[in-house]
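Trainee: Here it is, the structure, as structure tokens.
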Amino acid sequence: MKKITHAVIPVAGFGTRMLPLSKSVPKELLPLGNRPAIHYVVEEAIAAGIKHIVLVGHAQKSAIENYFDINAELDSQLRAKGKDALADSLNWLPDDVTVSMIRQGKALGLGHAVLAARPIIGEHDFAVLLPDVVLDPFTGDMTNDNLAFMIDAFANDAHSQILVDNVADEDVHKYGIAKLSDAIEIDEQSDTNTSFKVAGFVEKPNLADAPSKLAVVGRYVFSNQIFDYLTNTKASVGGEIQLTDAIDALISEYGVNVTTMRGDSYDAGDMRSYMQAFIYFAQQQLAEDE
């Protein structure tokens, strides 16, 4: 199979968990250290081999698209002042990487947001990266770990991949939890990517009812067939089209794998977790500058 080179990043949400900060600044542009959160997500995609990134946005979030564009006036002023290195650092996207934006139109859930990218994705298989989730860029190797591993695994066996990670008992109720298809022993201390079949997912279960402690992290690699399932998925809770419903249909017909995560992730869409992540990213960058 051809290696996946397309990715979808849904950025249409208003970020209610991040108010009042997100009232005027899109949550995806809130800083982690000296860069906005979405910068790291896009860097991760590029490191994994993605060449075309589709942002699924909203009319009020054009600032995200602008961030990835070249500001010709700013570039000219910086270079006129001899600040070529700073100007170069702002134009950091590789020449062979394209960022496009398409509007979701209506707020009908994550599944609808992914489906909205279909006119650009076309017949390609693709990855989905949720911008609230930022993987630690200071440890590990994003050219081989996590998303890159999932893309390679998909190329080998054509099974869609979903990234999962062990969570603490008290956090199980916050996440979609994987139900494993076999009696697989999971080493909670392991720090390697491993891919295996999943039977389904249980959304935010109580600990006593949870089939495992493997929570969905926010990285997916999908066969293009997911679009057909999303098209046929009926709106459910809150009138939204749920991505998990389409995944369940994909599991039943083609099978889906989960990939255990390597390293750490941060929820940049939750105020408490965001502030902790900001401190960590800032500390890492300050240490690099010393």
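By convention in this document, the chains of the structure tokens carry letters A, B, ... by their order, each chain's residues are numbered from 1, and ligands are numbered from 1 in the order they are shown.
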Do a neighbour search on segment 228-240 of chain A at 6 Å with only C-alpha atoms, toss out local chain neighbours closer than 6 positions, and write the hits as a list in words.

Mentor: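 Final neighbour list, sorted by chain and number: Leu108, Gly109 and Ala246 of chain A.
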
Trainee: For N, CA, C and O atoms, I'd like the residues from the last selection saved as a tab-separated table (two decimals), in the first residue's frame.

Mentor:
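Final file, again30.tsv:
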```tsv
chain	number	residue	atom	x	y	z
A	108	LEU	N	-21.66	19.82	13.96
A	108	LEU	CA	-22.37	18.54	14.09
A	108	LEU	C	-21.45	17.42	14.57
A	108	LEU	O	-21.69	16.25	14.27
A	109	GLY	N	-20.41	17.77	15.31
A	109	GLY	CA	-19.59	16.74	15.93
A	109	GLY	C	-18.32	16.41	15.17
A	109	GLY	O	-18.10	16.83	14.03
A	246	ALA	N	-18.90	5.46	13.47
A	246	ALA	CA	-18.32	5.03	12.20
A	246	ALA	C	-17.17	4.06	12.42
A	246	ALA	O	-17.00	3.09	11.67
```

Trainee: Hey, what's within 6 Å of segment 29-39 of chain A if we count only C-alpha atoms and toss same-chain stuff fewer than 6 positions away? As a ChimeraX atom specification, please?

Mentor: /A:131,278,281-282

Trainee: Which residue gives the smallest distance to Ile9 of chain A among A:Ala277, A:Leu55, A:Val41, A:Ala117, with only C-alpha atoms counted?

Mentor: A:Leu55

Trainee: Extract the full set of strand (DSSP E or B) residues from segment 208-269 of chain A according to DSSP on the backbone, and format it as a ChimeraX atom specification.

Mentor: /A:214-222,256-260,265-267

Trainee: Generate the output file for the selected residues, N, CA and C atoms, as a short mmCIF file (atom, residue, chain, number, x, y, z; two decimals), in the first residue's frame.

Mentor:
```cif
data_model
loop_
_atom_site.label_atom_id
_atom_site.label_comp_id
_atom_site.auth_asym_id
_atom_site.auth_seq_id
_atom_site.Cartn_x
_atom_site.Cartn_y
_atom_site.Cartn_z
N LEU A 214 -7.01 1.44 28.57
CA LEU A 214 -6.41 2.03 27.38
C LEU A 214 -7.35 3.08 26.80
N ALA A 215 -6.96 4.34 26.95
CA ALA A 215 -7.80 5.46 26.52
C ALA A 215 -7.36 5.99 25.16
N VAL A 216 -8.32 6.42 24.36
CA VAL A 216 -8.03 7.01 23.06
C VAL A 216 -7.31 8.34 23.27
N VAL A 217 -6.19 8.52 22.56
CA VAL A 217 -5.34 9.69 22.76
C VAL A 217 -5.68 10.85 21.82
N GLY A 218 -6.13 10.58 20.62
CA GLY A 218 -6.45 11.67 19.69
C GLY A 218 -5.66 11.64 18.41
N ARG A 219 -5.15 10.44 18.06
CA ARG A 219 -4.45 10.23 16.80
C ARG A 219 -5.07 9.01 16.13
N TYR A 220 -5.41 9.17 14.85
CA TYR A 220 -6.06 8.11 14.09
C TYR A 220 -5.40 7.99 12.71
N VAL A 221 -5.37 6.79 12.18
CA VAL A 221 -5.02 6.56 10.78
C VAL A 221 -6.14 5.75 10.17
N PHE A 222 -6.80 6.31 9.16
CA PHE A 222 -8.02 5.70 8.63
C PHE A 222 -7.87 5.29 7.17
N VAL A 256 -10.05 -3.09 13.05
CA VAL A 256 -9.28 -1.90 13.39
C VAL A 256 -8.28 -2.27 14.48
N ASN A 257 -7.11 -1.67 14.44
CA ASN A 257 -6.09 -1.89 15.47
C ASN A 257 -5.94 -0.67 16.36
N VAL A 258 -5.52 -0.90 17.58
CA VAL A 258 -5.05 0.19 18.43
C VAL A 258 -3.54 0.10 18.51
N THR A 259 -2.92 1.25 18.68
CA THR A 259 -1.47 1.34 18.86
C THR A 259 -1.21 1.98 20.22
N THR A 260 -0.41 1.31 21.05
CA THR A 260 -0.08 1.89 22.35
C THR A 260 0.91 3.03 22.15
N SER A 265 1.57 12.71 26.56
CA SER A 265 0.70 13.64 25.83
C SER A 265 0.12 14.64 26.81
N TYR A 266 -0.33 15.78 26.26
CA TYR A 266 -0.89 16.85 27.09
C TYR A 266 -2.21 17.30 26.48
N ASP A 267 -3.20 17.51 27.34
CA ASP A 267 -4.50 18.02 26.90
C ASP A 267 -4.43 19.54 26.91
#
```

Trainee: Quick one: everything within 12 Å of Phe196 of chain A, counting only C-alpha atoms, minus sequence neighbours fewer than 2 positions away in the same chain. Send it as a list in words.

Mentor: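 So the residues in contact are Met150, Ala153, Phe154, Asp157, His159, Ser160, Gln161, Ile162, Leu163, Val164, Ala178, Lys179, Leu180, Ser181, Asp182, Ala183, Ile184, Glu185, Ile186, Asn193, Thr194, Val198, Ala199, Gly255, Val256, Asn257, Val258, Thr259 and Thr260 of chain A.
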
Trainee: In Å, with one decimal, what is the gap from atom CA of Ala127 of chain A to atom CA of Leu115 of chain A?

Mentor: 12.6 Å

Trainee: Between A:Leu19, A:Ala80, A:Val172, A:Val42, which is the closest to Pro137 of chain A once you count only C-alpha atoms?

Mentor: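 Smallest separation from Pro137 of chain A among the options: A:Val42.
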
Trainee: Just give me the gap between atom CA of Ile120 of chain A and atom CA of Asn66 of chain A in Å, one decimal is fine.

Mentor: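 These atoms are spaced 18.8 Å apart.
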
Trainee: When you look at Glu170 of chain A with a cut-off of 10 Å (counting only C-alpha atoms), what residues show up, excluding the ones that are within fewer than 4 positions of it in the same chain? I need them as a PDB file with all heavy atoms, in the first residue's frame.

Mentor:
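Listing of selection31.pdb after writing:
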```pdb
ATOM      1  N   LYS A 174     -13.132   9.648  31.955  1.00  0.00           N
ATOM      2  CA  LYS A 174     -13.022  10.841  31.111  1.00  0.00           C
ATOM      3  C   LYS A 174     -12.852  10.518  29.630  1.00  0.00           C
ATOM      4  O   LYS A 174     -12.938  11.419  28.791  1.00  0.00           O
ATOM      5  CB  LYS A 174     -11.811  11.683  31.554  1.00  0.00           C
ATOM      6  CG  LYS A 174     -11.855  12.172  32.988  1.00  0.00           C
ATOM      7  CD  LYS A 174     -10.567  12.925  33.314  1.00  0.00           C
ATOM      8  CE  LYS A 174     -10.517  13.384  34.758  1.00  0.00           C
ATOM      9  NZ  LYS A 174      -9.242  14.080  35.071  1.00  0.00           N
ATOM     10  N   ASN A 206     -17.554   3.920  33.822  1.00  0.00           N
ATOM     11  CA  ASN A 206     -17.075   3.842  35.199  1.00  0.00           C
ATOM     12  C   ASN A 206     -15.937   2.836  35.241  1.00  0.00           C
ATOM     13  O   ASN A 206     -15.880   1.902  34.437  1.00  0.00           O
ATOM     14  CB  ASN A 206     -18.197   3.409  36.136  1.00  0.00           C
ATOM     15  CG  ASN A 206     -19.307   4.434  36.205  1.00  0.00           C
ATOM     16  OD1 ASN A 206     -19.044   5.632  36.207  1.00  0.00           O
ATOM     17  ND2 ASN A 206     -20.550   3.968  36.243  1.00  0.00           N
ATOM     18  N   LEU A 207     -15.041   2.996  36.212  1.00  0.00           N
ATOM     19  CA  LEU A 207     -13.894   2.100  36.309  1.00  0.00           C
ATOM     20  C   LEU A 207     -14.331   0.642  36.398  1.00  0.00           C
ATOM     21  O   LEU A 207     -13.734  -0.236  35.763  1.00  0.00           O
ATOM     22  CB  LEU A 207     -13.036   2.472  37.526  1.00  0.00           C
ATOM     23  CG  LEU A 207     -11.808   1.582  37.779  1.00  0.00           C
ATOM     24  CD1 LEU A 207     -10.841   1.660  36.604  1.00  0.00           C
ATOM     25  CD2 LEU A 207     -11.101   2.011  39.064  1.00  0.00           C
TER      26      LEU A 207
END
```

Trainee: Compare A:Gln285, A:Gly13, A:Leu86, A:Glu73 by their minimum atom-to-atom distance to Val56 of chain A, counting only C-alpha atoms, and give me the closest one.

Mentor: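 Of the candidates, the smallest distance to Val56 of chain A is held by A:Gly13.
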
Trainee: Calculated over only C-alpha atoms, which of the candidates A:Lys81, A:Leu135, A:Ala7, A:Arg17 has the smallest distance to Arg272 of chain A?

Mentor: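 Counting only C-alpha atoms, the residue closest to Arg272 of chain A is A:Arg17.
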
Trainee: Do you know which residues are at most 10 Å from Ile102 of chain A counting only C-alpha atoms, after dropping those on the same chain fewer than 5 positions away, and could you put them as an MDAnalysis selection string?

Mentor: chainID A and resid 10 12 54:59 65 113 116:120

Trainee: Which residues, written as a list in words, have at least one atom at most 9 Å from Asp145 of chain A, with only C-alpha atoms counted and residues fewer than 2 positions away on the same chain left out?

Mentor: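 Final neighbour list, sorted by chain and number: Ala48, Gly140, Asp141, Met142, Thr143, Leu147, Ala148, Phe149, Met150, Thr192, Asn193, Met261, Arg262 and Gly263 of chain A.
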
Trainee: Keeping only C-alpha atoms, write the selected residues as a PDB file, in the first residue's frame.

Mentor:
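Saved as out12.pdb:
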```pdb
ATOM      1  CA  ALA A  48       5.559  11.360  10.252  1.00  0.00           C
ATOM      2  CA  GLY A 140      11.281  10.264  21.546  1.00  0.00           C
ATOM      3  CA  ASP A 141      11.480  10.437  17.777  1.00  0.00           C
ATOM      4  CA  MET A 142       8.427  11.644  15.869  1.00  0.00           C
ATOM      5  CA  THR A 143       9.854  10.313  12.611  1.00  0.00           C
ATOM      6  CA  LEU A 147       1.770   8.612  14.367  1.00  0.00           C
ATOM      7  CA  ALA A 148       4.733   7.561  12.206  1.00  0.00           C
ATOM      8  CA  PHE A 149       4.492   4.031  13.631  1.00  0.00           C
ATOM      9  CA  MET A 150       0.728   3.953  12.958  1.00  0.00           C
ATOM     10  CA  THR A 192       7.168   1.087  22.958  1.00  0.00           C
ATOM     11  CA  ASN A 193       4.580   1.285  20.203  1.00  0.00           C
ATOM     12  CA  MET A 261       1.497   5.311  22.739  1.00  0.00           C
ATOM     13  CA  ARG A 262       5.138   5.999  23.400  1.00  0.00           C
ATOM     14  CA  GLY A 263       5.991   9.023  25.562  1.00  0.00           C
TER      15      GLY A 263
END
```

Trainee: In Å to one decimal, how far is atom CA of Tyr274 of chain A from atom CA of Leu286 of chain A?

Mentor: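 Result for atom CA of Leu286 of chain A versus atom CA of Tyr274 of chain A: 18.0 Å, one decimal.
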
Trainee: If you run DSSP on the backbone here, which positions in segment 167-284 of chain A get alpha helix (DSSP H)? Please write them as a ChimeraX atom specification.

Mentor: /A:226-232,243-254,271-284

Trainee: Give me, as a PyMOL selection string, all polymer residues having an atom no more than 9 Å from Ala63 of chain A, counting only C-alpha atoms and skipping those fewer than 4 positions away in the same chain.

Mentor: chain A and resi 25-26+29+67

Trainee: Please produce a file of the residues just selected, as a JSON list (two decimals), in the first residue's frame, where the atoms kept are C-alpha atoms.

Mentor:
```
[["chain", "number", "residue", "atom", "x", "y", "z"],
["A", 25, "VAL", "CA", -7.90, 33.74, 20.55],
["A", 26, "PRO", "CA", -8.57, 30.31, 19.01],
["A", 29, "LEU", "CA", -3.24, 29.28, 18.90],
["A", 67, "TYR", "CA", -0.58, 31.37, 11.03]]
```

Trainee: Can you work out which one of A:Ile121, A:Val11, A:Ala45, A:Val128 has the shortest atom-to-atom distance to Lys27 of chain A, counting only C-alpha atoms?

Mentor: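 With only C-alpha atoms as the atom set, the closest residue is A:Val11.
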